[in-house]
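Structure file run_35.cif with mmCIF, C-alpha atoms:
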data_data
loop_
_atom_site.label_atom_id
_atom_site.label_comp_id
_atom_site.auth_asym_id
_atom_site.auth_seq_id
_atom_site.Cartn_x
_atom_site.Cartn_y
_atom_site.Cartn_z
CA MET M 1 36.33 -14.37 19.03
CA SER M 2 36.51 -16.91 16.20
CA LYS M 3 34.36 -19.66 17.74
CA GLU M 4 31.69 -17.20 18.84
CA MET M 5 31.69 -15.53 15.43
CA GLN M 6 31.38 -18.75 13.51
CA ALA M 7 28.65 -20.02 15.85
CA ALA M 8 26.71 -16.79 15.30
CA PHE M 9 27.03 -17.13 11.51
CA THR M 10 25.80 -20.72 11.65
CA MET M 11 22.81 -19.78 13.78
CA LEU M 12 21.82 -16.92 11.48
CA GLU M 13 22.00 -19.12 8.42
CA GLU M 14 20.10 -22.06 9.93
CA GLU M 15 17.43 -20.20 11.89
CA LYS M 16 17.01 -16.94 9.99
CA GLY M 17 18.17 -17.84 6.49
CA ILE M 18 20.77 -15.03 6.48
CA SER M 19 23.94 -16.07 4.64
CA PRO M 20 27.33 -15.54 6.36
CA GLU M 21 28.53 -13.51 3.37
CA VAL M 22 25.83 -10.88 3.97
CA VAL M 23 26.74 -10.56 7.65
CA ILE M 24 30.51 -10.53 6.97
CA GLY M 25 30.06 -7.74 4.44
CA ALA M 26 27.98 -5.71 6.89
CA ILE M 27 30.51 -6.21 9.71
CA ALA M 28 33.38 -5.17 7.39
CA GLU M 29 31.50 -1.96 6.58
CA ALA M 30 30.93 -1.30 10.28
CA LEU M 31 34.60 -1.89 11.07
CA THR M 32 35.70 0.41 8.26
CA ALA M 33 33.49 3.14 9.70
CA ALA M 34 34.90 2.47 13.19
CA TYR M 35 38.48 2.68 11.85
CA LYS M 36 37.71 5.95 10.11
CA LYS M 37 36.26 7.39 13.31
CA GLN M 38 39.31 6.30 15.33
CA TYR M 39 42.03 7.31 12.85
CA ASN M 40 40.20 10.02 10.91
CA GLN M 41 40.69 8.30 7.55
CA SER M 42 39.73 5.05 5.81
CA GLN M 43 40.32 5.56 2.09
CA ASN M 44 43.31 3.17 2.10
CA VAL M 45 41.86 0.59 4.50
CA THR M 46 40.50 -2.85 3.61
CA ILE M 47 38.77 -5.15 6.09
CA GLU M 48 38.91 -8.87 5.28
CA TYR M 49 37.54 -11.92 7.07
CA ASN M 50 39.86 -14.87 7.60
CA ASP M 51 37.55 -17.87 7.45
CA ALA M 52 40.16 -20.29 8.81
CA LYS M 53 40.83 -18.20 11.90
CA GLY M 54 37.38 -16.67 12.21
CA ASP M 55 38.90 -13.19 12.57
CA PHE M 56 38.67 -9.88 10.78
CA ILE M 57 41.99 -8.42 9.62
CA VAL M 58 42.74 -4.78 8.82
CA TYR M 59 44.96 -3.98 5.84
CA SER M 60 46.21 -0.55 4.84
CA THR M 61 47.67 0.34 1.45
CA ARG M 62 50.44 2.91 0.92
CA GLU M 63 51.78 4.21 -2.37
CA VAL M 64 55.50 4.42 -3.04
CA VAL M 65 56.44 8.07 -3.75
CA ASP M 66 59.47 10.30 -4.09
CA GLU M 67 58.37 12.65 -1.32
CA VAL M 68 56.03 11.65 1.50
CA PHE M 69 53.28 14.11 2.42
CA ASP M 70 51.02 11.74 4.43
CA SER M 71 52.69 8.76 6.06
CA ARG M 72 49.31 7.08 6.50
CA LEU M 73 48.83 6.93 2.73
CA GLU M 74 52.37 7.03 1.33
CA MET M 75 55.88 5.70 1.94
CA SER M 76 59.24 6.68 0.52
CA LEU M 77 61.04 4.68 -2.14
CA GLU M 78 63.95 4.18 0.28
CA ASP M 79 61.69 2.54 2.88
CA ALA M 80 60.00 0.45 0.20
CA LEU M 81 63.32 -0.82 -1.14
CA ALA M 82 64.28 -1.84 2.38
CA LEU M 83 61.32 -4.19 2.30
CA ASN M 84 61.82 -5.42 -1.26
CA PRO M 85 64.45 -4.28 -3.78
CA HIS M 86 61.98 -4.66 -6.65
CA TYR M 87 59.58 -1.89 -5.54
CA GLN M 88 59.25 1.18 -7.79
CA ILE M 89 57.60 4.61 -7.64
CA GLY M 90 53.84 4.19 -7.96
CA ASP M 91 53.68 0.69 -6.50
CA LYS M 92 51.10 0.08 -3.78
CA ILE M 93 52.14 -1.94 -0.75
CA ARG M 94 49.66 -3.59 1.62
CA PHE M 95 50.34 -3.82 5.37
CA GLU M 96 48.44 -5.65 8.08
CA GLU M 97 47.42 -3.20 10.79
CA LYS M 98 46.94 -3.84 14.48
CA PRO M 99 44.64 -1.04 15.62
CA LYS M 100 44.39 -0.55 19.34
CA ASP M 101 41.36 -2.29 20.91
CA PHE M 102 40.43 -3.62 17.47
CA ALA M 103 39.29 -7.02 18.81
CA ARG M 104 36.79 -5.35 21.12
CA THR M 105 35.68 -3.01 18.36
CA ALA M 106 35.19 -5.97 16.00
CA ALA M 107 33.20 -7.91 18.60
CA ASN M 108 30.92 -4.94 19.28
CA ALA M 109 30.45 -4.28 15.57
CA ALA M 110 29.65 -7.94 14.92
CA LYS M 111 27.13 -8.00 17.75
CA GLN M 112 25.40 -4.85 16.49
CA VAL M 113 25.33 -6.02 12.87
CA ILE M 114 23.93 -9.43 13.81
CA MET M 115 21.20 -7.82 15.91
CA ASN M 116 20.34 -5.44 13.06
CA LYS M 117 20.24 -8.28 10.54
CA MET M 118 17.99 -10.33 12.80
CA ARG M 119 15.67 -7.35 13.23
CA GLU M 120 15.63 -6.69 9.48
CA GLU M 121 14.92 -10.34 8.78
CA SER M 122 12.09 -10.35 11.32
CA HIS M 123 10.62 -7.26 9.64
CA THR M 124 10.92 -8.92 6.23
CA ILE M 125 9.17 -12.09 7.41
CA ILE M 126 6.29 -10.10 8.91
CA TYR M 127 6.08 -7.90 5.80
CA ASN M 128 5.88 -10.91 3.47
CA GLU M 129 3.29 -12.56 5.71
CA TYR M 130 0.96 -9.57 5.69
CA LYS M 131 1.67 -8.52 2.10
CA ARG M 132 -0.36 -11.52 0.97
CA TYR M 133 -3.36 -10.08 2.83
CA GLU M 134 -3.23 -6.87 0.81
CA ASN M 135 -6.63 -6.17 -0.80
CA GLU M 136 -8.19 -8.81 1.44
CA ILE M 137 -10.19 -8.88 4.69
CA ILE M 138 -8.45 -9.75 7.94
CA GLN M 139 -9.77 -9.94 11.50
CA GLY M 140 -8.06 -8.17 14.37
CA THR M 141 -8.59 -7.31 18.03
CA VAL M 142 -9.15 -3.79 19.31
CA GLU M 143 -6.29 -2.89 21.66
CA ARG M 144 -6.83 0.81 22.23
CA VAL M 145 -9.34 3.51 21.34
CA ASP M 146 -8.81 7.26 21.42
CA ASP M 147 -10.12 10.37 19.67
CA ARG M 148 -7.74 9.93 16.74
CA ALA M 149 -8.02 6.27 15.87
CA ILE M 150 -8.78 2.69 16.81
CA PHE M 151 -5.63 0.62 17.31
CA ILE M 152 -6.03 -2.97 16.14
CA ASN M 153 -3.77 -5.95 16.78
CA LEU M 154 -3.51 -8.18 13.70
CA GLY M 155 -1.37 -10.86 15.32
CA LYS M 156 2.26 -9.96 14.65
CA VAL M 157 1.71 -6.32 13.82
CA ASP M 158 -0.52 -3.46 15.00
CA SER M 159 -2.51 -1.23 12.66
CA MET M 160 -4.34 2.04 13.07
CA LEU M 161 -7.91 2.58 11.88
CA GLY M 162 -8.08 6.33 11.32
CA LYS M 163 -11.21 8.48 11.37
CA ARG M 164 -11.71 8.49 7.61
CA ASP M 165 -11.46 4.68 7.54
CA GLN M 166 -14.05 4.21 10.31
CA ILE M 167 -17.73 3.70 9.56
CA PRO M 168 -19.63 6.60 11.15
CA GLY M 169 -21.59 5.46 14.17
CA GLU M 170 -19.60 2.30 14.83
CA ARG M 171 -18.31 1.99 18.38
CA TYR M 172 -15.69 -0.46 19.62
CA GLN M 173 -14.44 -1.53 23.00
CA ILE M 174 -11.04 -2.97 23.92
CA GLY M 175 -11.04 -6.69 23.12
CA ASP M 176 -13.68 -6.46 20.37
CA LYS M 177 -13.09 -8.47 17.20
CA VAL M 178 -13.27 -6.39 14.01
CA LYS M 179 -12.96 -7.23 10.32
CA VAL M 180 -10.91 -4.75 8.30
CA TYR M 181 -9.83 -4.39 4.68
CA VAL M 182 -6.06 -4.31 4.16
CA SER M 183 -5.62 -1.46 1.68
CA ALA M 184 -1.79 -1.45 1.66
CA VAL M 185 1.25 -3.03 3.31
CA GLU M 186 4.50 -1.05 3.28
CA GLN M 187 7.99 -1.63 4.64
CA SER M 188 9.54 1.13 6.76
CA LYS M 189 12.74 1.54 8.80
CA LYS M 190 10.77 0.74 11.95
CA GLY M 191 9.11 -2.30 10.43
CA PRO M 192 6.05 -3.19 8.33
CA ILE M 193 3.07 -0.82 8.28
CA VAL M 194 -0.36 -2.32 7.55
CA TYR M 195 -3.03 0.17 6.43
CA VAL M 196 -6.60 -0.94 7.10
CA SER M 197 -10.06 0.41 6.38
CA ARG M 198 -13.73 -0.20 7.09
CA THR M 199 -14.93 2.30 4.47
CA HIS M 200 -13.09 1.07 1.37
CA PRO M 201 -15.50 -0.08 -1.40
CA ASP M 202 -13.53 -3.29 -1.86
CA LEU M 203 -14.30 -4.29 1.73
CA LEU M 204 -17.87 -4.78 0.54
CA LYS M 205 -16.68 -6.62 -2.58
CA ARG M 206 -14.67 -9.11 -0.50
CA MET M 207 -17.67 -9.62 1.78
CA PHE M 208 -19.84 -10.48 -1.23
CA GLU M 209 -17.22 -13.00 -2.35
CA LYS M 210 -17.12 -14.57 1.10
CA GLU M 211 -20.87 -14.82 1.62
CA ILE M 212 -22.03 -15.62 -1.91
CA PRO M 213 -20.43 -18.62 -3.67
CA GLU M 214 -21.56 -17.50 -7.13
CA VAL M 215 -19.66 -14.23 -6.69
CA TYR M 216 -16.54 -16.00 -5.44
CA GLU M 217 -16.67 -18.40 -8.41
CA GLY M 218 -17.22 -15.57 -10.92
CA VAL M 219 -20.67 -16.70 -12.06
CA VAL M 220 -21.96 -13.34 -10.79
CA GLU M 221 -19.56 -10.43 -11.16
CA ILE M 222 -19.37 -7.32 -8.98
CA VAL M 223 -18.79 -4.68 -11.67
CA SER M 224 -18.67 -1.54 -9.55
CA ILE M 225 -19.33 -0.31 -6.01
CA ALA M 226 -19.99 3.17 -4.65
CA ARG M 227 -20.29 3.61 -0.88
CA GLU M 228 -21.03 6.21 1.71
CA ALA M 229 -19.93 3.90 4.47
CA GLY M 230 -22.42 3.19 7.21
CA ASP M 231 -25.29 4.77 5.28
CA ARG M 232 -25.79 3.51 1.74
CA ALA M 233 -24.08 1.69 -1.10
CA LYS M 234 -24.89 1.02 -4.75
CA VAL M 235 -23.56 -2.20 -6.27
CA ILE M 236 -23.68 -3.08 -9.97
CA VAL M 237 -23.84 -6.82 -10.59
CA LYS M 238 -23.55 -8.80 -13.80
CA SER M 239 -24.36 -12.42 -14.55
CA ASN M 240 -21.85 -14.36 -16.64
CA ASP M 241 -24.34 -17.22 -16.98
CA PRO M 242 -27.58 -16.58 -18.94
CA ASN M 243 -29.39 -18.99 -16.61
CA VAL M 244 -28.44 -17.09 -13.45
CA ASP M 245 -30.23 -13.95 -12.24
CA ALA M 246 -27.53 -11.68 -10.83
CA ILE M 247 -29.75 -9.59 -8.54
CA GLY M 248 -31.70 -12.57 -7.24
CA THR M 249 -28.48 -14.47 -6.53
CA VAL M 250 -26.95 -11.59 -4.57
CA VAL M 251 -30.09 -10.69 -2.63
CA GLY M 252 -30.98 -14.29 -1.80
CA THR M 253 -34.29 -15.85 -0.81
CA ARG M 254 -36.33 -13.18 0.96
CA GLY M 255 -33.20 -11.05 1.18
CA SER M 256 -31.32 -13.56 3.33
CA ARG M 257 -27.92 -13.09 1.70
CA ILE M 258 -27.90 -9.33 1.49
CA ARG M 259 -29.22 -9.09 5.06
CA THR M 260 -26.10 -10.83 6.33
CA LEU M 261 -23.92 -8.14 4.77
CA VAL M 262 -26.16 -5.32 5.97
CA ASP M 263 -25.96 -6.66 9.53
CA GLU M 264 -22.17 -6.99 9.29
CA LEU M 265 -21.96 -3.31 8.32
CA HIS M 266 -24.41 -2.23 11.04
CA GLY M 267 -27.35 -1.38 8.81
CA GLU M 268 -25.69 0.05 5.70
CA ASN M 269 -28.41 0.06 3.02
CA MET M 270 -27.58 -1.46 -0.35
CA ASP M 271 -29.05 -0.91 -3.81
CA ILE M 272 -28.27 -3.88 -6.07
CA ILE M 273 -28.23 -2.72 -9.69
CA ALA M 274 -28.41 -4.86 -12.82
CA TRP M 275 -25.60 -4.30 -15.33
CA ASP M 276 -26.61 -3.27 -18.86
CA ASP M 277 -24.39 -2.76 -21.90
CA ASP M 278 -26.50 0.24 -22.84
CA ARG M 279 -25.15 3.22 -20.91
CA ALA M 280 -28.49 5.04 -20.69
CA THR M 281 -30.23 1.95 -19.32
CA LEU M 282 -27.46 1.42 -16.77
CA ILE M 283 -27.80 5.00 -15.51
CA LYS M 284 -31.56 4.56 -15.31
CA ASN M 285 -31.08 1.39 -13.25
CA ALA M 286 -28.58 3.12 -10.97
CA LEU M 287 -31.06 5.89 -10.06
CA LYS M 288 -33.61 3.46 -8.67
CA PRO M 289 -35.86 3.57 -6.71
CA ALA M 290 -36.64 6.79 -8.64
CA GLN M 291 -38.51 6.50 -11.95
CA VAL M 292 -36.78 7.94 -15.03
CA ASN M 293 -38.51 9.33 -18.14
CA GLN M 294 -35.49 9.99 -20.32
CA VAL M 295 -31.68 9.77 -20.32
CA ILE M 296 -29.84 12.13 -22.68
CA ILE M 297 -26.09 11.60 -23.09
CA ASP M 298 -23.76 14.19 -24.61
CA GLU M 299 -21.03 12.07 -26.16
CA GLU M 300 -18.70 15.06 -26.61
CA THR M 301 -18.72 16.37 -23.00
CA GLY M 302 -19.59 13.09 -21.32
CA GLU M 303 -22.33 14.81 -19.33
CA THR M 304 -25.69 13.13 -18.87
CA VAL M 305 -29.09 14.75 -18.37
CA VAL M 306 -31.70 12.58 -16.71
CA VAL M 307 -35.32 13.67 -16.91
CA VAL M 308 -37.65 12.44 -14.16
CA PRO M 309 -41.34 13.03 -13.35
CA ASP M 310 -41.87 16.11 -11.18
CA ASP M 311 -42.94 14.02 -8.21
CA GLN M 312 -39.80 11.89 -8.51
CA LEU M 313 -37.25 14.72 -8.45
CA SER M 314 -36.52 14.62 -4.71
CA LEU M 315 -36.29 10.82 -4.75
CA ALA M 316 -33.93 10.84 -7.74
CA ILE M 317 -31.64 13.39 -6.12
CA GLY M 318 -31.87 11.79 -2.69
CA LYS M 319 -31.22 13.19 0.76
CA ARG M 320 -28.38 15.71 0.52
CA GLY M 321 -27.89 14.56 -3.10
CA GLN M 322 -26.85 11.06 -2.04
CA ASN M 323 -28.80 9.03 -4.61
CA VAL M 324 -27.58 10.89 -7.68
CA ARG M 325 -24.06 11.18 -6.24
CA LEU M 326 -23.74 7.42 -5.71
CA ALA M 327 -25.36 6.71 -9.09
CA ALA M 328 -22.85 8.97 -10.82
CA HIS M 329 -19.95 7.35 -8.98
CA VAL M 330 -21.00 3.74 -9.53
CA THR M 331 -21.62 4.30 -13.28
CA ASN M 332 -18.68 6.70 -13.72
CA ASN M 333 -20.86 9.39 -15.28
CA LYS M 334 -21.63 13.05 -14.68
CA ILE M 335 -25.39 13.18 -14.06
CA ASP M 336 -27.63 16.25 -14.07
CA ILE M 337 -31.17 15.58 -12.80
CA LYS M 338 -34.04 17.66 -14.22
CA SER M 339 -37.75 17.45 -13.59
CA GLN M 340 -39.98 16.92 -16.65
CA SER M 341 -41.56 20.39 -16.34
CA LYS M 342 -38.16 22.09 -16.05
CA PHE M 343 -36.83 20.14 -19.02
CA ASP M 344 -39.89 21.02 -21.13
CA GLU M 345 -39.56 24.68 -20.17
CA GLU M 346 -35.89 24.79 -21.14
CA ALA M 347 -36.65 22.96 -24.40
CA ALA M 348 -39.39 25.51 -25.21
CA ASP M 349 -36.97 28.37 -24.54
CA VAL M 350 -34.47 26.84 -26.95
CA VAL M 351 -37.13 26.49 -29.65
CA ALA M 352 -38.22 30.10 -29.10
CA GLU M 353 -34.66 31.37 -29.41
CA GLU M 354 -34.21 29.44 -32.65
CA LEU M 355 -37.46 30.92 -34.04
CA GLU M 356 -36.35 34.45 -33.12
CA VAL M 357 -33.08 33.90 -34.96
CA ASP M 358 -34.96 32.63 -38.04
CA VAL M 359 -37.33 35.64 -38.00
CA ALA M 360 -34.41 38.05 -37.61
CA ASP M 361 -32.61 36.41 -40.53
CA GLU M 362 -35.71 36.70 -42.72
CA ALA M 363 -36.11 40.38 -41.84
CA LEU M 364 -32.48 41.07 -42.78
CA ASP M 365 -32.99 39.26 -46.05
#
Please express the file's structure as structure tokens.
Amino acid sequence: MSKEMQAAFTMLEEEKGISPEVVIGAIAEALTAAYKKQYNQSQNVTIEYNDAKGDFIVYSTREVVDEVFDSRLEMSLEDALALNPHYQIGDKIRFEEKPKDFARTAANAAKQVIMNKMREESHTIIYNEYKRYENEIIQGTVERVDDRAIFINLGKVDSMLGKRDQIPGERYQIGDKVKVYVSAVEQSKKGPIVYVSRTHPDLLKRMFEKEIPEVYEGVVEIVSIAREAGDRAKVIVKSNDPNVDAIGTVVGTRGSRIRTLVDELHGENMDIIAWDDDRATLIKNALKPAQVNQVIIDEETGETVVVVPDDQLSLAIGKRGQNVRLAAHVTNNKIDIKSQSKFDEEAADVVAEELEVDVADEALD
């Protein structure tokens, strides 16, 4: 077995980068477990590898005692003195064991350990390769489609695009190329798991960086994104160069740049919003295309009341509340939309209540 064992260790180290010490330790553990299974005990057993012979050797240790209760763990002083007249009670004596069929057991254990180590190493290599794609866009090929998910081959690993990570309305056929955002890469007992998405807001951010050099270089910054994938997105942009118009840069001449992204996402509409240090102005910008009369921010509760002309109320709220919902998300604010007439009516009621309190106080006085 020695030549085969040493050749296997050399191959693992040269081709897989797995040191012999790691494999030897794993094989010793496997042999200890095998010994325990065969002899129903292993607490006094040590497995060592003889590098010169290329063999594993089993040693057992027995304690010298007055009275022997378990001959596998103990030996009498009389027997110990027969081996060496210097032994005393409490001494531990090591013996080389020759378990039945041990050579075959060792060979099988070595084979299994080496296969496991090669599989683990392969998993680690794939994990490290795809871990660098985390939070980035990667292209894959559709392998299978069913009611639960779209299964995508990414080269050395398969991933699953679940329902919540699919853009509504998108349809794929086997063999189609698809760009996905790698949201996470995790290691499992069965190998690396790559989680991908088409709905993640950062998919859009990476697309901006790819298509628009100024965004990639940081001249124009994507501050925040809110998406309802496949339908509409709001993107706040900020220029870090006073000579560069953030919105114009992102949109491009006659909308050429933004159109590329819209086409890539199968018609997802995008509102590009100018960043402003003033919170009220930023919220006003985020509610476009609706006009805004007034933004009132309660600093204690964090809630924001936005007053719009009566004829702009539906536009400000949007279909099924989409416009105000995305605006609240992209600006990280709670927004309550009120029409001007409703706001004036509520303000008048407050004034009236305050007057009634004043009159009542005067009457009591």
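Here CA of Glu121 in chain M is placed at a distance of 7.8 Å from CA of Ile18 in chain M.
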| request: Can you work out which one of M:Val113, M:Ile296, M:Met75, M:Ile167 has the shortest atom-to-atom distance to Lys92 in chain M, counting only C-alpha atoms? | output: M:Met75
Which residues, written as an mmCIF file with C-alpha atoms, in the frame of the given file, have at least one atom at most 9 Å from range 213-229 of chain M, with all atoms listed in the file counted and residues fewer than 2 positions away on the same chain left out?
data_model
loop_
_atom_site.group_PDB
_atom_site.id
_atom_site.type_symbol
_atom_site.label_atom_id
_atom_site.label_comp_id
_atom_site.auth_asym_id
_atom_site.auth_seq_id
_atom_site.Cartn_x
_atom_site.Cartn_y
_atom_site.Cartn_z
ATOM 1 C CA GLN M 166 -14.050 4.210 10.310
ATOM 2 C CA ILE M 167 -17.730 3.700 9.560
ATOM 3 C CA PRO M 168 -19.630 6.600 11.150
ATOM 4 C CA ARG M 198 -13.730 -0.200 7.090
ATOM 5 C CA THR M 199 -14.930 2.300 4.470
ATOM 6 C CA HIS M 200 -13.090 1.070 1.370
ATOM 7 C CA PRO M 201 -15.500 -0.080 -1.400
ATOM 8 C CA ASP M 202 -13.530 -3.290 -1.860
ATOM 9 C CA LEU M 204 -17.870 -4.780 0.540
ATOM 10 C CA LYS M 205 -16.680 -6.620 -2.580
ATOM 11 C CA ARG M 206 -14.670 -9.110 -0.500
ATOM 12 C CA PHE M 208 -19.840 -10.480 -1.230
ATOM 13 C CA GLU M 209 -17.220 -13.000 -2.350
ATOM 14 C CA LYS M 210 -17.120 -14.570 1.100
ATOM 15 C CA GLU M 211 -20.870 -14.820 1.620
ATOM 16 C CA ASP M 231 -25.290 4.770 5.280
ATOM 17 C CA ARG M 232 -25.790 3.510 1.740
ATOM 18 C CA ALA M 233 -24.080 1.690 -1.100
ATOM 19 C CA LYS M 234 -24.890 1.020 -4.750
ATOM 20 C CA VAL M 235 -23.560 -2.200 -6.270
ATOM 21 C CA ILE M 236 -23.680 -3.080 -9.970
ATOM 22 C CA VAL M 237 -23.840 -6.820 -10.590
ATOM 23 C CA LYS M 238 -23.550 -8.800 -13.800
ATOM 24 C CA SER M 239 -24.360 -12.420 -14.550
ATOM 25 C CA ASN M 240 -21.850 -14.360 -16.640
ATOM 26 C CA ASP M 241 -24.340 -17.220 -16.980
ATOM 27 C CA VAL M 244 -28.440 -17.090 -13.450
ATOM 28 C CA ASP M 245 -30.230 -13.950 -12.240
ATOM 29 C CA ALA M 246 -27.530 -11.680 -10.830
ATOM 30 C CA ILE M 247 -29.750 -9.590 -8.540
ATOM 31 C CA THR M 249 -28.480 -14.470 -6.530
ATOM 32 C CA VAL M 250 -26.950 -11.590 -4.570
ATOM 33 C CA LEU M 265 -21.960 -3.310 8.320
ATOM 34 C CA GLU M 268 -25.690 0.050 5.700
ATOM 35 C CA MET M 270 -27.580 -1.460 -0.350
ATOM 36 C CA TRP M 275 -25.600 -4.300 -15.330
ATOM 37 C CA GLN M 322 -26.850 11.060 -2.040
ATOM 38 C CA LEU M 326 -23.740 7.420 -5.710
ATOM 39 C CA ALA M 327 -25.360 6.710 -9.090
ATOM 40 C CA ALA M 328 -22.850 8.970 -10.820
ATOM 41 C CA HIS M 329 -19.950 7.350 -8.980
ATOM 42 C CA VAL M 330 -21.000 3.740 -9.530
ATOM 43 C CA THR M 331 -21.620 4.300 -13.280
#
| said: Please list as a list of chain:residue names every residue within 9 Å of range 336-348 of chain M, counting only C-alpha atoms and excluding residues in the same chain fewer than 5 positions away. | reply: M:Asn293, M:Glu303, M:Thr304, M:Val305, M:Val306, M:Val307, M:Val308, M:Pro309, M:Asp310, M:Asp311, M:Gln312, M:Leu313, M:Ala316, M:Ile317, M:Val324, M:Glu353
Those residues you just picked out, can you put them in a file as a compact mmCIF listing (two decimals), in the coordinates of the input with C-alpha atoms?
# COMPACT_ATOMS: atom_id res chain seq x y z
CA ASN M 293 -38.51 9.33 -18.14
CA GLU M 303 -22.33 14.81 -19.33
CA THR M 304 -25.69 13.13 -18.87
CA VAL M 305 -29.09 14.75 -18.37
CA VAL M 306 -31.70 12.58 -16.71
CA VAL M 307 -35.32 13.67 -16.91
CA VAL M 308 -37.65 12.44 -14.16
CA PRO M 309 -41.34 13.03 -13.35
CA ASP M 310 -41.87 16.11 -11.18
CA ASP M 311 -42.94 14.02 -8.21
CA GLN M 312 -39.80 11.89 -8.51
CA LEU M 313 -37.25 14.72 -8.45
CA ALA M 316 -33.93 10.84 -7.74
CA ILE M 317 -31.64 13.39 -6.12
CA VAL M 324 -27.58 10.89 -7.68
CA GLU M 353 -34.66 31.37 -29.41
| field | Expansion of the PyMOL selection byres ((chain M and resi 190) around 12) into residues, as a PyMOL selection string | value | chain M and resi 116+119-120+122-124+127+157+186-189+191-193
Check which residues satisfy the PyMOL selection byres ((chain M and resi 136) around 12) in the file shown, then give them as a CSV table (one decimal) with C-alpha atoms, in the frame of the given file.
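out19.csv, written as the output of this step:
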chain,number,residue,atom,x,y,z
M,130,TYR,CA,1.0,-9.6,5.7
M,131,LYS,CA,1.7,-8.5,2.1
M,132,ARG,CA,-0.4,-11.5,1.0
M,133,TYR,CA,-3.4,-10.1,2.8
M,134,GLU,CA,-3.2,-6.9,0.8
M,135,ASN,CA,-6.6,-6.2,-0.8
M,137,ILE,CA,-10.2,-8.9,4.7
M,138,ILE,CA,-8.4,-9.8,7.9
M,139,GLN,CA,-9.8,-9.9,11.5
M,179,LYS,CA,-13.0,-7.2,10.3
M,180,VAL,CA,-10.9,-4.8,8.3
M,181,TYR,CA,-9.8,-4.4,4.7
M,182,VAL,CA,-6.1,-4.3,4.2
M,183,SER,CA,-5.6,-1.5,1.7
M,184,ALA,CA,-1.8,-1.4,1.7
M,185,VAL,CA,1.2,-3.0,3.3
M,194,VAL,CA,-0.4,-2.3,7.6
M,195,TYR,CA,-3.0,0.2,6.4
M,196,VAL,CA,-6.6,-0.9,7.1
M,197,SER,CA,-10.1,0.4,6.4
M,198,ARG,CA,-13.7,-0.2,7.1
M,200,HIS,CA,-13.1,1.1,1.4
M,201,PRO,CA,-15.5,-0.1,-1.4
M,202,ASP,CA,-13.5,-3.3,-1.9
M,203,LEU,CA,-14.3,-4.3,1.7
M,204,LEU,CA,-17.9,-4.8,0.5
M,205,LYS,CA,-16.7,-6.6,-2.6
M,206,ARG,CA,-14.7,-9.1,-0.5
M,207,MET,CA,-17.7,-9.6,1.8
M,209,GLU,CA,-17.2,-13.0,-2.4
M,210,LYS,CA,-17.1,-14.6,1.1
| message | Going by the chain IDs and residue numbers used in this file, which residues fall under the PyMOL selection byres ((chain M and resi 54) around 9)? Write them as a PyMOL selection string. | response | chain M and resi 1-6+49-53+55-56
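Take CA of Arg279 in chain M and CA of Gly248 in chain M: the distance between them is 21.9 Å.
The environment of Asn285 in chain M within 7 Å, counting only C-alpha atoms and disregarding residues fewer than 3 places along the same chain, consists of M:Ile273, M:Ala274, M:Thr281, M:Leu282, M:Lys288.
Interatomic distance, CA of Gln173 in chain M to CA of Leu261 in chain M: 21.6 Å.
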| message | If we draw a sphere of 6 Å around (61.4, 10.0, -3.7), which residues have at least one atom in it when counting only C-alpha atoms? Please report them as a PyMOL selection string. | response | chain M and resi 65-67+76-77
| task | Tell me, as number ranges by chain, which residues lie within 9 Å of Ala26 in chain M, counting all atoms listed in the file; anything in the same chain fewer than 4 positions away does not count. | result | M: 21-22, 30-31, 110, 113-114, 117
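Of the listed residues M:Lys319, M:Arg94, M:Arg259, M:Lys111, the one whose atoms come nearest to Ile47 in chain M is M:Arg94, with distances taken using only C-alpha atoms.
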Output as JSON the centre and edge lengths (Å, one decimal) of the box along x, y and z of the file that holds every listed atom of range 57-63 of chain M after adding 5 Å on each side.
{"center_x": 46.9, "center_y": -2.1, "center_z": 3.6, "size_x": 19.8, "size_y": 22.6, "size_z": 22.0}
